[in-house]
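Structure below is target_14.cif: mmCIF, C-alpha atoms.
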data_final
loop_
_atom_site.group_PDB
_atom_site.id
_atom_site.type_symbol
_atom_site.label_atom_id
_atom_site.label_comp_id
_atom_site.auth_asym_id
_atom_site.auth_seq_id
_atom_site.Cartn_x
_atom_site.Cartn_y
_atom_site.Cartn_z
ATOM 1 C CA MET A 1 40.051 74.567 101.738
ATOM 2 C CA GLY A 2 36.876 75.204 99.719
ATOM 3 C CA HIS A 3 34.857 72.426 98.137
ATOM 4 C CA ASN A 4 33.170 72.707 94.765
ATOM 5 C CA HIS A 5 29.730 71.127 94.676
ATOM 6 C CA HIS A 6 28.083 70.556 91.305
ATOM 7 C CA HIS A 7 24.318 70.256 91.568
ATOM 8 C CA ARG A 8 22.328 69.142 88.571
ATOM 9 C CA ASP A 9 19.341 71.152 87.403
ATOM 10 C CA PRO A 10 16.209 69.370 88.699
ATOM 11 C CA SER A 11 14.574 69.703 85.284
ATOM 12 C CA GLU A 12 17.565 67.914 83.713
ATOM 13 C CA ILE A 13 17.270 65.109 86.270
ATOM 14 C CA GLY A 14 13.562 64.852 85.454
ATOM 15 C CA GLU A 15 14.270 64.677 81.722
ATOM 16 C CA ARG A 16 16.953 62.043 82.270
ATOM 17 C CA ARG A 17 14.446 59.869 84.150
ATOM 18 C CA LEU A 18 11.870 60.397 81.429
ATOM 19 C CA TRP A 19 14.365 59.169 78.830
ATOM 20 C CA TRP A 20 14.850 56.010 80.913
ATOM 21 C CA ALA A 21 11.058 55.643 81.082
ATOM 22 C CA VAL A 22 10.837 55.972 77.276
ATOM 23 C CA LEU A 23 13.500 53.275 76.791
ATOM 24 C CA ALA A 24 11.822 50.915 79.277
ATOM 25 C CA ASN A 25 8.409 51.378 77.642
ATOM 26 C CA MET A 26 9.783 50.796 74.136
ATOM 27 C CA LEU A 27 11.504 47.558 75.182
ATOM 28 C CA LEU A 28 8.347 46.475 76.976
ATOM 29 C CA THR A 29 6.221 47.222 73.903
ATOM 30 C CA ILE A 30 8.390 44.960 71.754
ATOM 31 C CA ALA A 31 8.223 42.158 74.339
ATOM 32 C CA GLN A 32 4.430 42.457 74.677
ATOM 33 C CA ILE A 33 3.807 42.450 70.928
ATOM 34 C CA ILE A 34 5.960 39.333 70.515
ATOM 35 C CA GLY A 35 4.199 37.724 73.478
ATOM 36 C CA GLY A 36 0.779 38.708 72.124
ATOM 37 C CA ILE A 37 1.515 37.225 68.691
ATOM 38 C CA ILE A 38 2.884 33.973 70.162
ATOM 39 C CA SER A 39 0.015 33.568 72.657
ATOM 40 C CA GLY A 40 -2.722 34.923 70.391
ATOM 41 C CA SER A 41 -3.783 37.398 73.110
ATOM 42 C CA LEU A 42 -5.363 40.593 71.807
ATOM 43 C CA SER A 43 -5.467 42.168 75.282
ATOM 44 C CA LEU A 44 -1.683 41.765 75.501
ATOM 45 C CA VAL A 45 -1.293 43.515 72.135
ATOM 46 C CA ALA A 46 -3.737 46.193 73.358
ATOM 47 C CA ASP A 47 -1.603 46.775 76.449
ATOM 48 C CA ALA A 48 1.483 46.865 74.207
ATOM 49 C CA LEU A 49 -0.052 49.568 71.998
ATOM 50 C CA HIS A 50 -1.015 51.511 75.123
ATOM 51 C CA ASN A 51 2.600 51.313 76.344
ATOM 52 C CA PHE A 52 3.847 52.328 72.909
ATOM 53 C CA SER A 53 1.542 55.356 72.830
ATOM 54 C CA ASP A 54 2.854 56.376 76.259
ATOM 55 C CA ALA A 55 6.483 55.988 75.149
ATOM 56 C CA ALA A 56 5.797 57.922 71.944
ATOM 57 C CA SER A 57 3.956 60.660 73.827
ATOM 58 C CA LEU A 58 6.846 60.982 76.289
ATOM 59 C CA LEU A 59 9.318 61.177 73.411
ATOM 60 C CA ILE A 60 7.277 63.813 71.563
ATOM 61 C CA ALA A 61 6.802 65.759 74.810
ATOM 62 C CA LEU A 62 10.536 65.698 75.520
ATOM 63 C CA VAL A 63 11.361 66.962 72.028
ATOM 64 C CA ALA A 64 8.696 69.666 72.403
ATOM 65 C CA ILE A 65 10.178 70.739 75.755
ATOM 66 C CA ARG A 66 13.560 71.196 74.056
ATOM 67 C CA ILE A 67 11.964 73.213 71.238
ATOM 68 C CA GLY A 68 9.955 75.235 73.762
ATOM 69 C CA ARG A 69 13.164 76.422 75.424
ATOM 70 C CA LYS A 70 14.232 78.313 72.317
ATOM 71 C CA PRO A 71 14.082 82.084 72.891
ATOM 72 C CA PRO A 72 11.740 84.311 70.836
ATOM 73 C CA ASP A 73 13.063 85.396 67.437
ATOM 74 C CA GLN A 74 11.869 87.412 64.441
ATOM 75 C CA PHE A 75 9.810 84.458 63.193
ATOM 76 C CA LYS A 76 8.250 83.433 66.546
ATOM 77 C CA THR A 77 8.037 86.631 68.580
ATOM 78 C CA PHE A 78 6.196 84.916 71.461
ATOM 79 C CA GLY A 79 8.702 82.054 71.541
ATOM 80 C CA TYR A 80 8.253 78.321 70.929
ATOM 81 C CA LYS A 81 6.396 77.200 74.077
ATOM 82 C CA ARG A 82 3.332 76.136 72.095
ATOM 83 C CA ALA A 83 5.383 73.318 70.596
ATOM 84 C CA GLU A 84 4.387 71.399 73.741
ATOM 85 C CA THR A 85 0.694 72.008 72.992
ATOM 86 C CA ILE A 86 1.091 70.804 69.407
ATOM 87 C CA ALA A 87 2.818 67.702 70.772
ATOM 88 C CA ALA A 88 -0.135 67.117 73.091
ATOM 89 C CA LEU A 89 -2.566 67.355 70.145
ATOM 90 C CA ILE A 90 -0.518 64.809 68.168
ATOM 91 C CA ASN A 91 -0.356 62.451 71.155
ATOM 92 C CA LEU A 92 -4.069 62.640 71.941
ATOM 93 C CA THR A 93 -5.096 62.187 68.294
ATOM 94 C CA THR A 94 -2.872 59.086 68.079
ATOM 95 C CA LEU A 95 -4.336 57.820 71.357
ATOM 96 C CA ILE A 96 -7.899 58.087 69.989
ATOM 97 C CA ILE A 97 -6.975 56.304 66.729
ATOM 98 C CA ILE A 98 -5.378 53.452 68.700
ATOM 99 C CA GLY A 99 -8.442 53.214 70.969
ATOM 100 C CA LEU A 100 -10.831 52.978 68.002
ATOM 101 C CA TYR A 101 -8.656 50.327 66.325
ATOM 102 C CA LEU A 102 -8.577 48.230 69.509
ATOM 103 C CA CYS A 103 -12.381 48.440 69.811
ATOM 104 C CA TYR A 104 -12.733 47.126 66.254
ATOM 105 C CA GLU A 105 -10.293 44.267 66.868
ATOM 106 C CA ALA A 106 -12.035 43.331 70.142
ATOM 107 C CA VAL A 107 -15.448 43.113 68.436
ATOM 108 C CA MET A 108 -13.964 40.962 65.650
ATOM 109 C CA ARG A 109 -12.397 38.696 68.287
ATOM 110 C CA PHE A 110 -15.833 38.234 69.901
ATOM 111 C CA ILE A 111 -17.192 37.181 66.498
ATOM 112 C CA MET A 112 -14.241 34.926 65.642
ATOM 113 C CA PRO A 113 -12.567 33.695 68.877
ATOM 114 C CA GLU A 114 -8.995 32.372 68.670
ATOM 115 C CA GLU A 115 -7.048 29.996 70.885
ATOM 116 C CA ILE A 116 -4.940 31.813 73.507
ATOM 117 C CA ALA A 117 -1.887 30.559 75.430
ATOM 118 C CA GLY A 118 -2.721 31.661 78.974
ATOM 119 C CA TRP A 119 0.716 31.090 80.517
ATOM 120 C CA THR A 120 2.435 33.300 77.937
ATOM 121 C CA VAL A 121 -0.077 36.059 78.652
ATOM 122 C CA VAL A 122 0.484 35.842 82.432
ATOM 123 C CA ILE A 123 4.301 35.752 82.177
ATOM 124 C CA VAL A 124 4.604 38.667 79.715
ATOM 125 C CA ALA A 125 2.009 40.743 81.582
ATOM 126 C CA GLY A 126 3.885 40.033 84.831
ATOM 127 C CA ILE A 127 7.098 41.374 83.292
ATOM 128 C CA ALA A 128 5.121 44.375 82.019
ATOM 129 C CA LEU A 129 3.842 45.071 85.527
ATOM 130 C CA ILE A 130 7.403 45.091 86.908
ATOM 131 C CA VAL A 131 8.566 47.496 84.174
ATOM 132 C CA ASP A 132 5.531 49.758 84.677
ATOM 133 C CA VAL A 133 6.214 49.983 88.415
ATOM 134 C CA PHE A 134 9.895 50.705 87.662
ATOM 135 C CA THR A 135 9.093 53.537 85.219
ATOM 136 C CA ALA A 136 6.545 54.975 87.660
ATOM 137 C CA ALA A 137 9.224 54.956 90.377
ATOM 138 C CA LEU A 138 11.582 56.872 88.044
ATOM 139 C CA THR A 139 9.131 59.751 87.802
ATOM 140 C CA TYR A 140 7.528 59.680 91.280
ATOM 141 C CA SER A 141 9.807 62.123 93.116
ATOM 142 C CA GLN A 142 9.752 64.723 90.301
ATOM 143 C CA SER A 143 5.983 64.361 89.870
ATOM 144 C CA LYS A 144 5.510 66.387 93.070
ATOM 145 C CA THR A 145 6.955 69.546 91.504
ATOM 146 C CA SER A 146 6.299 69.206 87.764
ATOM 147 C CA MET A 147 2.948 68.895 85.968
ATOM 148 C CA ASN A 148 4.551 67.307 82.915
ATOM 149 C CA ILE A 149 6.361 64.652 84.934
ATOM 150 C CA LYS A 150 3.262 64.097 87.071
ATOM 151 C CA ALA A 151 1.361 63.286 83.865
ATOM 152 C CA ALA A 152 4.103 60.816 82.924
ATOM 153 C CA PHE A 153 3.892 59.228 86.380
ATOM 154 C CA LEU A 154 0.108 58.835 86.133
ATOM 155 C CA HIS A 155 0.449 57.283 82.651
ATOM 156 C CA ASN A 156 2.815 54.634 83.980
ATOM 157 C CA LEU A 157 0.578 54.035 86.971
ATOM 158 C CA THR A 158 -2.396 53.346 84.685
ATOM 159 C CA ASP A 159 -0.197 51.077 82.550
ATOM 160 C CA ALA A 160 0.501 49.057 85.673
ATOM 161 C CA MET A 161 -3.241 48.757 86.268
ATOM 162 C CA ALA A 162 -3.763 47.595 82.673
ATOM 163 C CA SER A 163 -1.052 44.956 83.150
ATOM 164 C CA VAL A 164 -2.882 43.686 86.250
ATOM 165 C CA GLY A 165 -6.014 43.384 84.091
ATOM 166 C CA VAL A 166 -4.155 41.324 81.474
ATOM 167 C CA ILE A 167 -2.762 39.025 84.201
ATOM 168 C CA ILE A 168 -6.326 38.460 85.434
ATOM 169 C CA THR A 169 -7.389 37.635 81.851
ATOM 170 C CA GLY A 170 -4.588 35.077 81.423
ATOM 171 C CA THR A 171 -5.418 33.481 84.783
ATOM 172 C CA LEU A 172 -9.121 33.131 83.879
ATOM 173 C CA ILE A 173 -8.202 31.524 80.555
ATOM 174 C CA LEU A 174 -5.853 29.064 82.317
ATOM 175 C CA HIS A 175 -8.335 28.043 85.010
ATOM 176 C CA TYR A 176 -11.707 28.255 83.258
ATOM 177 C CA GLY A 177 -10.921 28.460 79.548
ATOM 178 C CA TRP A 178 -12.795 31.766 79.276
ATOM 179 C CA VAL A 179 -11.235 32.928 76.001
ATOM 180 C CA TRP A 180 -13.859 35.680 75.684
ATOM 181 C CA THR A 181 -12.286 37.547 78.638
ATOM 182 C CA ASP A 182 -9.380 38.509 76.346
ATOM 183 C CA ALA A 183 -11.675 40.486 74.035
ATOM 184 C CA ALA A 184 -13.567 41.879 77.045
ATOM 185 C CA MET A 185 -10.362 43.140 78.670
ATOM 186 C CA THR A 186 -9.326 44.677 75.334
ATOM 187 C CA LEU A 187 -12.591 46.629 75.267
ATOM 188 C CA ILE A 188 -11.968 47.846 78.824
ATOM 189 C CA ILE A 189 -8.411 48.994 77.988
ATOM 190 C CA SER A 190 -9.506 50.646 74.730
ATOM 191 C CA GLY A 191 -12.456 52.284 76.515
ATOM 192 C CA TYR A 192 -10.068 53.808 79.037
ATOM 193 C CA VAL A 193 -7.749 54.987 76.239
ATOM 194 C CA LEU A 194 -10.671 56.641 74.403
ATOM 195 C CA TRP A 195 -11.982 58.245 77.598
ATOM 196 C CA GLN A 196 -8.516 59.675 78.255
ATOM 197 C CA GLY A 197 -8.214 61.019 74.702
ATOM 198 C CA PHE A 198 -11.692 62.533 74.361
ATOM 199 C CA THR A 199 -11.461 64.138 77.819
ATOM 200 C CA GLU A 200 -8.160 65.936 77.177
ATOM 201 C CA ILE A 201 -8.301 66.861 73.471
ATOM 202 C CA PRO A 202 -10.986 69.607 73.854
ATOM 203 C CA LYS A 203 -8.690 71.408 76.326
ATOM 204 C CA VAL A 204 -5.805 71.337 73.841
ATOM 205 C CA ILE A 205 -7.987 72.547 70.961
ATOM 206 C CA HIS A 206 -9.378 75.349 73.177
ATOM 207 C CA PHE A 207 -5.793 76.399 73.970
ATOM 208 C CA LEU A 208 -4.738 76.407 70.295
ATOM 209 C CA MET A 209 -7.881 78.380 69.375
ATOM 210 C CA GLU A 210 -6.710 81.017 71.889
ATOM 211 C CA GLY A 211 -9.776 80.509 74.040
ATOM 212 C CA THR A 212 -10.250 82.286 77.362
ATOM 213 C CA PRO A 213 -8.212 80.539 80.105
ATOM 214 C CA GLU A 214 -10.214 78.248 82.374
ATOM 215 C CA GLY A 215 -11.705 80.030 85.389
ATOM 216 C CA MET A 216 -11.399 83.514 83.900
ATOM 217 C CA ASP A 217 -14.467 85.756 83.468
ATOM 218 C CA ILE A 218 -13.963 88.574 80.939
ATOM 219 C CA GLN A 219 -16.884 90.522 82.408
ATOM 220 C CA GLU A 220 -15.304 90.349 85.867
ATOM 221 C CA ILE A 221 -11.964 91.578 84.484
ATOM 222 C CA THR A 222 -13.665 94.427 82.601
ATOM 223 C CA SER A 223 -15.626 95.483 85.701
ATOM 224 C CA ALA A 224 -12.485 95.509 87.865
ATOM 225 C CA MET A 225 -10.719 97.746 85.341
ATOM 226 C CA GLU A 226 -13.687 100.113 85.009
ATOM 227 C CA LYS A 227 -13.826 100.626 88.793
ATOM 228 C CA GLU A 228 -10.421 102.317 88.712
ATOM 229 C CA THR A 229 -10.411 106.122 88.942
ATOM 230 C CA GLY A 230 -9.735 107.634 85.528
ATOM 231 C CA VAL A 231 -11.414 104.862 83.504
ATOM 232 C CA ALA A 232 -14.566 105.851 81.601
ATOM 233 C CA GLY A 233 -14.959 102.462 79.933
ATOM 234 C CA VAL A 234 -13.206 99.319 78.705
ATOM 235 C CA HIS A 235 -13.919 97.473 75.456
ATOM 236 C CA HIS A 236 -12.284 95.249 72.832
ATOM 237 C CA VAL A 237 -11.100 92.871 75.587
ATOM 238 C CA HIS A 238 -9.276 89.677 74.574
ATOM 239 C CA VAL A 239 -7.773 87.167 77.024
ATOM 240 C CA TRP A 240 -5.786 84.088 76.014
ATOM 241 C CA GLN A 241 -2.845 81.902 77.049
ATOM 242 C CA LEU A 242 0.639 82.448 75.648
ATOM 243 C CA ASP A 243 1.637 79.059 77.057
ATOM 244 C CA GLU A 244 0.638 76.735 79.893
ATOM 245 C CA HIS A 245 1.823 79.159 82.577
ATOM 246 C CA ARG A 246 1.369 82.661 81.100
ATOM 247 C CA ASN A 247 -1.887 84.509 80.400
ATOM 248 C CA ALA A 248 -2.188 87.522 78.119
ATOM 249 C CA LEU A 249 -4.704 90.347 77.649
ATOM 250 C CA GLU A 250 -5.293 93.185 75.247
ATOM 251 C CA ALA A 251 -7.950 95.874 75.746
ATOM 252 C CA HIS A 252 -8.966 99.397 74.809
ATOM 253 C CA VAL A 253 -9.298 101.715 77.834
ATOM 254 C CA VAL A 254 -11.335 104.916 77.535
ATOM 255 C CA LEU A 255 -9.891 107.700 79.700
ATOM 256 C CA SER A 256 -12.108 110.014 81.704
ATOM 257 C CA GLU A 257 -11.317 113.717 81.739
ATOM 258 C CA ASN A 258 -8.113 114.754 83.554
ATOM 259 C CA ALA A 259 -6.980 111.140 83.928
ATOM 260 C CA GLU A 260 -3.221 110.551 84.344
ATOM 261 C CA MET A 261 -2.502 107.893 81.755
ATOM 262 C CA ASP A 262 0.895 106.679 83.007
ATOM 263 C CA ASN A 263 -0.280 106.288 86.601
ATOM 264 C CA LEU A 264 -3.506 104.603 85.478
ATOM 265 C CA LYS A 265 -1.608 102.232 83.227
ATOM 266 C CA THR A 266 0.592 101.118 86.149
ATOM 267 C CA ARG A 267 -2.432 100.550 88.391
ATOM 268 C CA LEU A 268 -4.362 98.586 85.772
ATOM 269 C CA LYS A 269 -1.405 96.314 84.981
ATOM 270 C CA LYS A 270 -0.937 95.636 88.702
ATOM 271 C CA ILE A 271 -4.620 94.661 89.084
ATOM 272 C CA LEU A 272 -4.432 92.393 86.042
ATOM 273 C CA HIS A 273 -1.271 90.728 87.328
ATOM 274 C CA ASP A 274 -2.126 90.388 91.024
ATOM 275 C CA LYS A 275 -5.860 89.644 90.868
ATOM 276 C CA PHE A 276 -6.222 87.783 87.574
ATOM 277 C CA GLU A 277 -2.713 86.328 87.057
ATOM 278 C CA ILE A 278 -2.307 88.013 83.673
ATOM 279 C CA GLN A 279 1.431 88.294 83.095
ATOM 280 C CA HIS A 280 1.355 90.021 79.679
ATOM 281 C CA SER A 281 -1.071 92.901 79.083
ATOM 282 C CA THR A 282 -1.350 95.376 76.210
ATOM 283 C CA LEU A 283 -3.540 98.405 76.860
ATOM 284 C CA GLU A 284 -4.562 100.967 74.241
ATOM 285 C CA PHE A 285 -5.840 104.237 75.671
ATOM 286 C CA GLU A 286 -8.545 106.390 74.067
ATOM 287 C CA ASN A 287 -10.093 109.748 74.918
ATOM 288 C CA THR A 288 -13.815 109.989 75.578
ATOM 289 C CA LYS A 289 -14.152 111.966 72.335
ATOM 290 C CA CYS A 290 -12.814 108.989 70.350
ATOM 291 C CA TYR A 291 -15.016 106.438 72.136
#

Step by step, read the file and then write its structure as structure tokens.
Amino acid sequence: MGHNHHHRDPSEIGERRLWWAVLANMLLTIAQIIGGIISGSLSLVADALHNFSDAASLLIALVAIRIGRKPPDQFKTFGYKRAETIAALINLTTLIIIGLYLCYEAVMRFIMPEEIAGWTVVIVAGIALIVDVFTAALTYSQSKTSMNIKAAFLHNLTDAMASVGVIITGTLILHYGWVWTDAAMTLIISGYVLWQGFTEIPKVIHFLMEGTPEGMDIQEITSAMEKETGVAGVHHVHVWQLDEHRNALEAHVVLSENAEMDNLKTRLKKILHDKFEIQHSTLEFENTKCY
């Protein structure tokens, strides 16, 4: 007798785990904000905002993934994959705004220190650490095969590190009364958030501006095409990314005399695909007289 086995799509399993990670981070954010208000700890609120930004970024990314799966239509002939890039821009911009706000609050806390309940900070941060480790575990196995889920895993891993920092702050306040460490830890967390945002946002803007993909040299591509028999010259070369995994090129190719256009076209597209990983190429052929 035959047995029917139903295997879930790995991407669906990954998304399901990401939804659990979003839920865990949202609940943790609420708990940390309440704990930060009760204890008076700014670093706890800073960690809460960091967790919230991660949960929001995961949620936006998940929605963008769903939109990105829509097939091309008459309005979006290249499809909707860039929805994920727009989501990244929104997330990084929000991250930078949060980082700047936390820096301001930390400086004000240095100027006007407030009493902080150390035990509340340690307990809430301890719970946060457990949740961060849990959400990281949800995404660990899928992080080996997916860049998006790997990014989510790394976010949760850094959240865990931030929670350790807050626990250290609470412990120092309990044992030595060093209230200033709360503002100092807030500056460290916000500094990391800003570094993360300012490092990644230029890449996203470059992508949206249809910049040349990283590691590609247009001169090298042009030279490789011009070495082919039948090519008198190549000009008007543009290379960009359709989405995170597909590169595109358009170029004008000047034919030498007696060149076989169809054969040459096949050879050029093969070179572009195999050597330069350009999946979508549009070539316009010209005679030497037109050049």

May I ask for the distance between CA of Gly36 (chain A) and CA of Arg109 (chain A), given in Å to one decimal place?
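The value is 13.7 Å.
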
With all atoms listed in the file counted and 12 Å as the cut-off, give the residues of region 58-83 of chain A in contact with region 246-262 of chain A, each with its shortest interatomic distance in Å and the pair that gives it, as a tab-separated table.
residue	atom	partner	partner_atom	distance
A:Phe78	CA	A:Arg246	CA	11.0
A:Lys81	CA	A:Arg246	CA	10.2
A:Arg82	CA	A:Arg246	CA	11.3

Which residues, named as in the file, does the PyMOL selection byres ((chain A and resi 124) around 12) pick out? Answer as a PyMOL selection string.
chain A and resi 28-39+41+43-45+47-48+117-123+125-131+163-164+166-167+170

Centre, edges in Å (one decimal): axis-aligned box, region 79-95 of chain A, 4 Å padding on all six sides, as lines of an AutoDock Vina configuration file:
center_x = 1.8
center_y = 69.9
center_z = 71.1
size_x = 21.8
size_y = 32.2
size_z = 14.0

Name the residues that the PyMOL selection byres ((chain A and resi 138) around 8) picks from the file above, as a count of residues only, using the file's chain letters and numbers.
11

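What the PyMOL selection byres ((chain A and resi 214-216) around 12) matches in the given file is Lys203, Val204, His206, Phe207, Glu210, Gly211, Thr212, Pro213, Asp217, Ile218, Gln219, Glu220, Ile221, Thr222, His238, Val239, Trp240, Gln241, Glu244, Asn247, Ala248, Leu249, Leu272, Lys275, Phe276, Glu277 and Ile278 of chain A.
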
So, counting only C-alpha atoms, which residue among A:Leu194, A:Asp132, A:Tyr80, A:Ile173 is closest to Val63 (chain A)?
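Closest to Val63 (chain A) of all the choices is A:Tyr80.
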
Nearest to Asp243 (chain A) among A:Gln196, A:Ser281, A:Thr85, A:Asn91, with distances taken over all atoms listed in the file: which residue is it?
A:Thr85

Work out how far CA of Gln74 (chain A) is from CA of Glu284 (chain A), in Å to one decimal.
23.4 Å
